[in-house]
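The next block is final_19.txt, given as compact mmCIF, C-alpha atoms.
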# COMPACT_ATOMS: atom_id res chain seq x y z
CA MET A 25 138.77 67.52 -81.79
CA THR A 26 134.99 67.33 -81.39
CA PRO A 27 133.36 65.83 -84.51
CA THR A 28 131.47 68.57 -86.33
CA ILE A 29 128.84 68.39 -89.05
CA VAL A 30 128.99 71.55 -91.13
CA VAL A 31 125.68 72.52 -92.73
CA ILE A 32 126.15 75.12 -95.48
CA ASN A 33 123.36 77.35 -96.74
CA PRO A 34 124.47 78.20 -100.31
CA ASN A 35 122.46 81.41 -100.45
CA SER A 36 123.43 84.58 -98.64
CA ASN A 37 120.16 84.96 -96.73
CA GLU A 38 121.05 84.87 -93.04
CA ALA A 39 117.39 84.47 -92.07
CA VAL A 40 117.33 81.17 -93.97
CA THR A 41 120.45 80.04 -92.13
CA ALA A 42 118.85 80.96 -88.81
CA GLY A 43 115.80 78.86 -89.69
CA ILE A 44 118.00 75.94 -90.68
CA ASP A 45 119.95 76.25 -87.44
CA ALA A 46 116.74 76.17 -85.39
CA ALA A 47 115.47 73.13 -87.29
CA LEU A 48 118.69 71.28 -86.45
CA GLU A 49 118.36 71.83 -82.70
CA PRO A 50 116.57 68.49 -82.00
CA LEU A 51 119.56 66.67 -83.51
CA ARG A 52 122.08 68.25 -81.14
CA MET A 53 122.77 66.01 -78.18
CA ALA A 54 125.28 65.50 -75.40
CA GLY A 55 128.10 63.31 -76.63
CA GLY A 56 127.00 63.63 -80.24
CA PRO A 57 128.76 65.48 -83.04
CA ALA A 58 128.40 69.25 -83.00
CA ILE A 59 126.23 70.66 -85.79
CA ARG A 60 127.21 74.04 -87.19
CA ALA A 61 125.08 75.97 -89.69
CA LEU A 62 126.74 78.67 -91.77
CA THR A 63 126.09 80.86 -94.79
CA LEU A 64 127.95 80.96 -98.09
CA LYS A 65 128.65 84.67 -98.21
CA GLU A 66 129.24 84.69 -101.98
CA GLY A 67 125.89 83.07 -102.67
CA PRO A 68 122.88 84.78 -104.28
CA PRO A 69 119.93 85.83 -102.09
CA GLY A 70 118.21 82.62 -103.14
CA VAL A 71 119.23 79.64 -105.26
CA GLN A 72 116.27 79.76 -107.63
CA THR A 73 117.61 79.25 -111.16
CA GLN A 74 120.09 76.95 -112.85
CA HIS A 75 122.44 79.94 -113.08
CA ASP A 76 122.22 80.30 -109.29
CA VAL A 77 123.00 76.60 -108.90
CA GLU A 78 126.08 76.81 -111.11
CA SER A 79 127.28 80.04 -109.50
CA VAL A 80 127.67 78.49 -106.04
CA THR A 81 129.30 75.22 -107.09
CA LEU A 82 132.97 76.24 -106.96
CA PRO A 83 132.57 78.55 -103.94
CA LEU A 84 130.99 75.63 -102.06
CA ALA A 85 133.91 73.39 -102.98
CA ARG A 86 136.44 76.00 -101.87
CA LEU A 87 134.65 76.56 -98.56
CA ALA A 88 134.37 72.85 -97.83
CA LYS A 89 138.03 72.31 -98.70
CA SER A 90 139.07 75.12 -96.35
CA MET A 91 137.09 73.48 -93.53
CA GLU A 92 138.00 69.86 -94.21
CA ALA A 93 140.33 69.57 -91.21
CA GLU A 94 137.63 70.66 -88.74
CA ALA A 95 134.59 69.02 -90.34
CA SER A 96 133.56 65.39 -90.00
CA ALA A 97 130.78 65.71 -92.62
CA PHE A 98 129.16 68.36 -94.80
CA VAL A 99 125.51 69.00 -95.63
CA ILE A 100 124.61 71.23 -98.59
CA ALA A 101 121.39 72.88 -97.46
CA CYS A 102 119.71 73.74 -100.76
CA PHE A 103 117.05 71.63 -102.45
CA SER A 104 118.83 71.70 -105.81
CA ASP A 105 121.84 69.93 -104.23
CA PRO A 106 124.20 72.45 -105.89
CA GLY A 107 127.81 71.41 -106.10
CA LEU A 108 127.13 68.03 -104.49
CA HIS A 109 129.42 66.00 -106.72
CA VAL A 110 132.10 68.69 -106.98
CA VAL A 111 132.30 68.99 -103.20
CA ARG A 112 132.44 65.19 -102.87
CA GLU A 113 135.47 65.25 -105.16
CA ALA A 114 137.07 68.09 -103.21
CA VAL A 115 136.97 66.66 -99.68
CA ASN A 116 137.55 63.31 -98.04
CA ARG A 117 134.45 63.58 -95.88
CA PRO A 118 130.82 62.50 -96.26
CA VAL A 119 128.92 65.14 -98.26
CA LEU A 120 125.14 65.01 -98.27
CA GLY A 121 122.60 66.96 -100.32
CA ILE A 122 119.26 67.74 -98.77
CA ALA A 123 117.15 66.94 -101.85
CA GLU A 124 118.62 63.48 -102.19
CA CYS A 125 118.38 62.77 -98.45
CA GLY A 126 114.93 64.30 -98.05
CA VAL A 127 113.39 62.17 -100.77
CA LEU A 128 115.17 58.99 -99.67
CA THR A 129 113.80 59.57 -96.18
CA ALA A 130 110.30 60.12 -97.56
CA LEU A 131 110.47 56.80 -99.39
CA THR A 132 110.98 54.98 -96.09
CA MET A 133 107.61 56.32 -94.86
CA GLY A 134 105.32 55.68 -97.81
CA TYR A 135 105.27 54.50 -101.40
CA SER A 136 104.69 57.87 -103.06
CA PHE A 137 106.07 61.29 -102.21
CA GLY A 138 104.98 64.80 -103.10
CA VAL A 139 107.20 67.88 -103.22
CA ILE A 140 106.24 71.46 -102.37
CA ALA A 141 108.47 73.74 -104.47
CA ILE A 142 108.86 77.49 -104.19
CA LEU A 143 108.59 78.39 -107.89
CA ASP A 144 107.38 76.66 -111.06
CA ALA A 145 110.85 77.19 -112.55
CA SER A 146 112.31 74.98 -109.82
CA ILE A 147 110.31 71.92 -110.81
CA PRO A 148 112.14 70.90 -114.04
CA ARG A 149 115.43 71.14 -112.13
CA HIS A 150 114.07 68.87 -109.41
CA LEU A 151 112.66 66.44 -111.96
CA ARG A 152 116.16 65.98 -113.34
CA LEU A 153 117.27 64.99 -109.85
CA TRP A 154 114.49 62.43 -109.43
CA GLY A 155 115.24 61.02 -112.88
CA GLY A 156 118.92 60.69 -112.02
CA MET A 157 117.98 58.89 -108.81
CA GLY A 158 115.63 56.54 -110.67
CA ILE A 159 112.61 57.34 -108.49
CA THR A 160 110.20 59.13 -110.83
CA ASP A 161 107.75 56.22 -110.64
CA ARG A 162 107.26 57.00 -106.95
CA LEU A 163 106.74 60.75 -107.39
CA ALA A 164 103.09 61.56 -106.77
CA GLY A 165 103.61 65.13 -107.93
CA GLU A 166 105.37 68.41 -107.36
CA ARG A 167 103.68 71.78 -107.08
CA ALA A 168 104.97 75.30 -106.41
CA ILE A 169 103.62 77.87 -103.97
CA GLY A 170 104.78 80.78 -106.16
CA LEU A 171 107.04 82.52 -103.66
CA THR A 172 110.72 83.40 -103.83
CA VAL A 173 113.14 82.55 -101.04
CA ALA A 174 112.92 86.11 -99.72
CA GLU A 175 109.11 86.03 -99.79
CA LEU A 176 109.03 82.98 -97.52
CA ALA A 177 109.64 85.45 -94.68
CA ASP A 178 105.92 86.27 -94.82
CA ARG A 179 105.06 83.35 -92.57
CA GLU A 180 101.27 83.58 -92.62
CA ARG A 181 101.06 83.69 -96.42
CA THR A 182 103.72 81.01 -96.85
CA LEU A 183 102.13 78.53 -94.46
CA LYS A 184 98.68 79.07 -96.00
CA ARG A 185 100.00 78.28 -99.47
CA MET A 186 102.01 75.30 -98.23
CA ILE A 187 98.97 73.81 -96.54
CA GLU A 188 96.84 74.30 -99.67
CA THR A 189 99.53 72.72 -101.83
CA GLY A 190 100.14 69.87 -99.40
CA LYS A 191 96.43 69.04 -99.33
CA TYR A 192 96.34 68.98 -103.12
CA LEU A 193 99.29 66.59 -103.25
CA ARG A 194 97.76 64.41 -100.53
CA ASP A 195 94.18 64.34 -101.80
CA GLU A 196 94.44 64.76 -105.56
CA ARG A 197 97.80 63.09 -106.22
CA GLN A 198 97.72 60.51 -103.43
CA ALA A 199 101.07 61.47 -101.92
CA HIS A 200 101.78 59.41 -98.81
CA THR A 201 104.54 61.77 -97.66
CA ILE A 202 105.44 65.39 -98.35
CA VAL A 203 108.95 66.78 -98.84
CA MET A 204 109.45 70.51 -98.39
CA GLY A 205 111.34 71.65 -101.49
CA CYS A 206 113.37 74.53 -100.05
CA ALA A 207 115.62 74.88 -97.01
CA GLY A 208 113.95 78.22 -96.35
CA MET A 209 110.74 76.35 -95.46
CA ALA A 210 112.32 74.71 -92.40
CA VAL A 211 110.28 76.64 -89.81
CA PHE A 212 107.00 75.37 -91.29
CA ARG A 213 107.46 71.62 -90.87
CA ASP A 214 105.59 71.14 -87.61
CA PRO A 215 102.48 73.21 -88.44
CA LEU A 216 102.38 71.75 -91.95
CA GLN A 217 102.51 68.17 -90.67
CA ASP A 218 99.83 68.98 -88.09
CA ALA A 219 97.59 70.35 -90.85
CA LEU A 220 98.13 67.47 -93.27
CA GLY A 221 98.22 64.48 -90.94
CA ILE A 222 100.87 62.68 -92.98
CA PRO A 223 104.68 62.68 -92.63
CA VAL A 224 106.32 65.93 -93.71
CA ILE A 225 110.07 65.76 -94.27
CA GLU A 226 112.24 68.80 -93.71
CA PRO A 227 115.17 67.87 -95.95
CA THR A 228 117.98 69.52 -94.00
CA GLN A 229 116.92 67.57 -90.93
CA ALA A 230 116.90 64.41 -93.05
CA ALA A 231 120.40 65.06 -94.39
CA ALA A 232 121.80 65.99 -90.98
CA THR A 233 120.32 62.80 -89.52
CA MET A 234 122.14 60.76 -92.16
CA ALA A 235 125.31 62.73 -91.51
CA LEU A 236 125.05 61.91 -87.80
CA GLY A 237 124.89 58.22 -88.65
CA SER A 238 127.86 58.51 -91.01
CA VAL A 239 129.99 60.26 -88.39
CA ARG A 240 129.03 57.96 -85.51
CA LEU A 241 129.54 54.79 -87.57
CA GLY A 242 132.62 55.92 -89.46
CA TRP A 243 131.12 55.62 -92.92

Target encoding structure tokens, full file:
Amino acid sequence: MTPTIVVINPNSNEAVTAGIDAALEPLRMAGGPAIRALTLKEGPPGVQTQHDVESVTLPLARLAKSMEAEASAFVIACFSDPGLHVVREAVNRPVLGIAECGVLTALTMGYSFGVIAILDASIPRHLRLWGGMGITDRLAGERAIGLTVAELADRERTLKRMIETGKYLRDERQAHTIVMGCAGMAVFRDPLQDALGIPVIEPTQAAATMALGSVRLGW
């Protein structure tokens, strides 16, 4: 059986899944594990609140368990890392969360990292993650662009706000790297990095890269 990395979008927005799938294309290679992006059908339109996070935890675990035989690794493609520890308990496969992997990748490229969130309400939830990881002393700052997951579909407005926010984090907060704080932002990585001139990490790419290493090396 061909090794397969299963990347799960926990929200039900198929446009987000399509953007994730496109962002993963550079990681697909001859002889390498297949990478499959799919949508959690039971998920909300966007994982934007703690209630949303909790609501997808058990469905994610059930889906991963049902696919354990065909999957070599799982990536949970939501920046709140919903269900990460529950899914790790449910399956005997590597399970990676994009928030954790995105920030760890950023820390290999500079001392301080900044995060572009979608909503102000997301930031306290993310801060709990950074505190749990013990990396708050390297957080330059986190700032929201004030758009829901669905509103990210307005590409011109979204990119404009992301560039403004990224420049603030770079210039006013001295962020050496920027992490995009939502999987729905995947299509904006290249133009955002071009505009900012510093490394911009798309977290699903970061997690899938780590998953590739885990599968190839048998971790």

Go through segment 120-204 of chain A and flag each residue having an atom no more than 12 Å from segment 27-33 of chain A; for those, report the closest pair of atoms plus their distance in Å to one decimal, using only C-alpha atoms, ordered by chain and rising number, as a Markdown table.
| residue | atom | partner | partner_atom | distance |
| --- | --- | --- | --- | --- |
| A:Leu120 | CA | A:Val31 | CA | 9.3 |
| A:Gly121 | CA | A:Val31 | CA | 9.9 |
| A:Ile122 | CA | A:Val31 | CA | 10.0 |

Residues near segment 181-190 of chain A, cut-off 9 Å, all atoms listed in the file, skip fewer than 6 positions along chain, as an mmCIF file with C-alpha atoms, in the frame of the given file:
data_model
loop_
_atom_site.group_PDB
_atom_site.id
_atom_site.type_symbol
_atom_site.label_atom_id
_atom_site.label_comp_id
_atom_site.auth_asym_id
_atom_site.auth_seq_id
_atom_site.Cartn_x
_atom_site.Cartn_y
_atom_site.Cartn_z
ATOM 1 C CA GLY A 138 104.980 64.800 -103.100
ATOM 2 C CA VAL A 139 107.200 67.880 -103.220
ATOM 3 C CA ILE A 140 106.240 71.460 -102.370
ATOM 4 C CA ARG A 167 103.680 71.780 -107.080
ATOM 5 C CA ALA A 168 104.970 75.300 -106.410
ATOM 6 C CA ILE A 169 103.620 77.870 -103.970
ATOM 7 C CA GLY A 170 104.780 80.780 -106.160
ATOM 8 C CA LEU A 171 107.040 82.520 -103.660
ATOM 9 C CA GLU A 175 109.110 86.030 -99.790
ATOM 10 C CA ALA A 199 101.070 61.470 -101.920
ATOM 11 C CA ILE A 202 105.440 65.390 -98.350
ATOM 12 C CA MET A 204 109.450 70.510 -98.390
ATOM 13 C CA MET A 209 110.740 76.350 -95.460
ATOM 14 C CA PHE A 212 107.000 75.370 -91.290
ATOM 15 C CA PRO A 215 102.480 73.210 -88.440
ATOM 16 C CA LEU A 216 102.380 71.750 -91.950
ATOM 17 C CA GLN A 217 102.510 68.170 -90.670
ATOM 18 C CA ALA A 219 97.590 70.350 -90.850
ATOM 19 C CA LEU A 220 98.130 67.470 -93.270
#

Requested in this report: Find the residues with any atom within 12 Å of (141.5, 70.0, -89.2); use all atoms listed in the file and the coordinates as given in the file, and write the answer as a VMD selection string.
Outcome: chain A and resid 25 to 28 88 to 96 115 to 117

Pull C-alpha atoms from the residues just selected and write them as a JSON list (two decimals), keeping the file's coordinate frame.
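What follows is the written file again.json:
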[["chain", "number", "residue", "atom", "x", "y", "z"],
["A", 25, "MET", "CA", 138.77, 67.52, -81.79],
["A", 26, "THR", "CA", 134.99, 67.33, -81.39],
["A", 27, "PRO", "CA", 133.36, 65.83, -84.51],
["A", 28, "THR", "CA", 131.47, 68.57, -86.33],
["A", 88, "ALA", "CA", 134.37, 72.85, -97.83],
["A", 89, "LYS", "CA", 138.03, 72.31, -98.70],
["A", 90, "SER", "CA", 139.07, 75.12, -96.35],
["A", 91, "MET", "CA", 137.09, 73.48, -93.53],
["A", 92, "GLU", "CA", 138.00, 69.86, -94.21],
["A", 93, "ALA", "CA", 140.33, 69.57, -91.21],
["A", 94, "GLU", "CA", 137.63, 70.66, -88.74],
["A", 95, "ALA", "CA", 134.59, 69.02, -90.34],
["A", 96, "SER", "CA", 133.56, 65.39, -90.00],
["A", 115, "VAL", "CA", 136.97, 66.66, -99.68],
["A", 116, "ASN", "CA", 137.55, 63.31, -98.04],
["A", 117, "ARG", "CA", 134.45, 63.58, -95.88]]

Report task. Mind checking which residues fall within 12 Å of Gln74 of chain A, counting only C-alpha atoms, ignoring those fewer than 3 positions away in the same chain, and posting them as number ranges by chain? Result -> A: 68, 70-71, 77-81, 104-107, 145-150, 152

With segment 123-130 of chain A as the partner and 12 Å as the cut-off, tabulate the residues of segment 140-193 of chain A that qualify, each row holding the nearest pair of atoms and their distance in Å to one decimal, using all atoms listed in the file, sorted by chain and rising number, as a Markdown table.
| residue | atom | partner | partner_atom | distance |
| --- | --- | --- | --- | --- |
| A:Ile140 | CA | A:Ala123 | CA | 11.8 |
| A:Ala141 | CA | A:Ala123 | CA | 11.3 |
| A:Arg149 | CA | A:Ala123 | CA | 11.2 |
| A:His150 | CA | A:Ala123 | CA | 8.4 |
| A:Leu151 | CA | A:Ala123 | CA | 11.1 |
| A:Arg152 | CA | A:Ala123 | CA | 11.6 |
| A:Leu153 | CA | A:Glu124 | CA | 7.9 |
| A:Trp154 | CA | A:Glu124 | CA | 8.4 |
| A:Gly155 | CA | A:Glu124 | CA | 11.5 |
| A:Gly156 | CA | A:Glu124 | CA | 10.2 |
| A:Met157 | CA | A:Glu124 | CA | 8.1 |
| A:Gly158 | CA | A:Leu128 | CA | 11.3 |
| A:Ile159 | CA | A:Val127 | CA | 9.1 |
| A:Thr160 | CA | A:Val127 | CA | 11.0 |
| A:Arg162 | CA | A:Val127 | CA | 10.1 |
| A:Leu163 | CA | A:Val127 | CA | 9.5 |
| A:Ala164 | CA | A:Ala130 | CA | 11.8 |

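Using all atoms listed in the file, the shortest contact distance between Pro34 of chain A and any of A:Val119, A:Ala47, A:Ala101, A:Leu131 is found at A:Ala101.
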
Report task. Rank A:Leu143, A:Val239, A:Leu108, A:Ala174 by their smallest atom-to-atom distance to Asn35 of chain A, using only C-alpha atoms, and report the top residue only. Result -> A:Ala174

Report task. Rank nothing, just name the residue among A:Ala210, A:Thr73, A:Arg197, A:Leu236 nearest to Ala42 of chain A, using only C-alpha atoms. Result ->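 Selected residue with least distance to Ala42 of chain A: A:Ala210.
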
Report task. May I ask which of the residues A:Arg179, A:Gly43, A:Tyr135, A:Lys191 is the closest one to Asp161 of chain A, counting only C-alpha atoms? Result -> A:Tyr135

Report task. Could you check which of A:Gln72, A:Leu82, A:Gly242, A:Ile222 is closest to Gly205 of chain A, using all atoms listed in the file? Result ->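 The answer is A:Gln72, which sits nearest to Gly205 of chain A.
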
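Across the structure, atom CA of Asp76 of chain A and atom CA of Gly208 of chain A are spaced 15.5 Å apart.
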
Requested in this report: Could you tell me which of A:Gly67, A:Pro223, A:Gly165, A:Gly134 comes closest to Glu196 of chain A if we count all atoms listed in the file?
Outcome: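 Residue with the minimum atom-to-atom distance to Glu196 of chain A: A:Gly165.
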
Report summary line: atom CA of Ile225 of chain A to atom CA of Leu84 of chain A measures 24.4 Å

**Report entry** Distance in Å - atom CA of Thr201 of chain A versus atom CA of Val224 of chain A
**Finding:**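 These two atoms are separated by 6.0 Å.
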
Padding of 8 Å on every side, edges along x, y and z, all listed atoms of segment 151-167 of chain A included: what centre and edge lengths in Å, to one decimal, does that box have, as JSON?
{"center_x": 111.0, "center_y": 64.0, "center_z": -110.1, "size_x": 31.8, "size_y": 31.6, "size_z": 22.6}
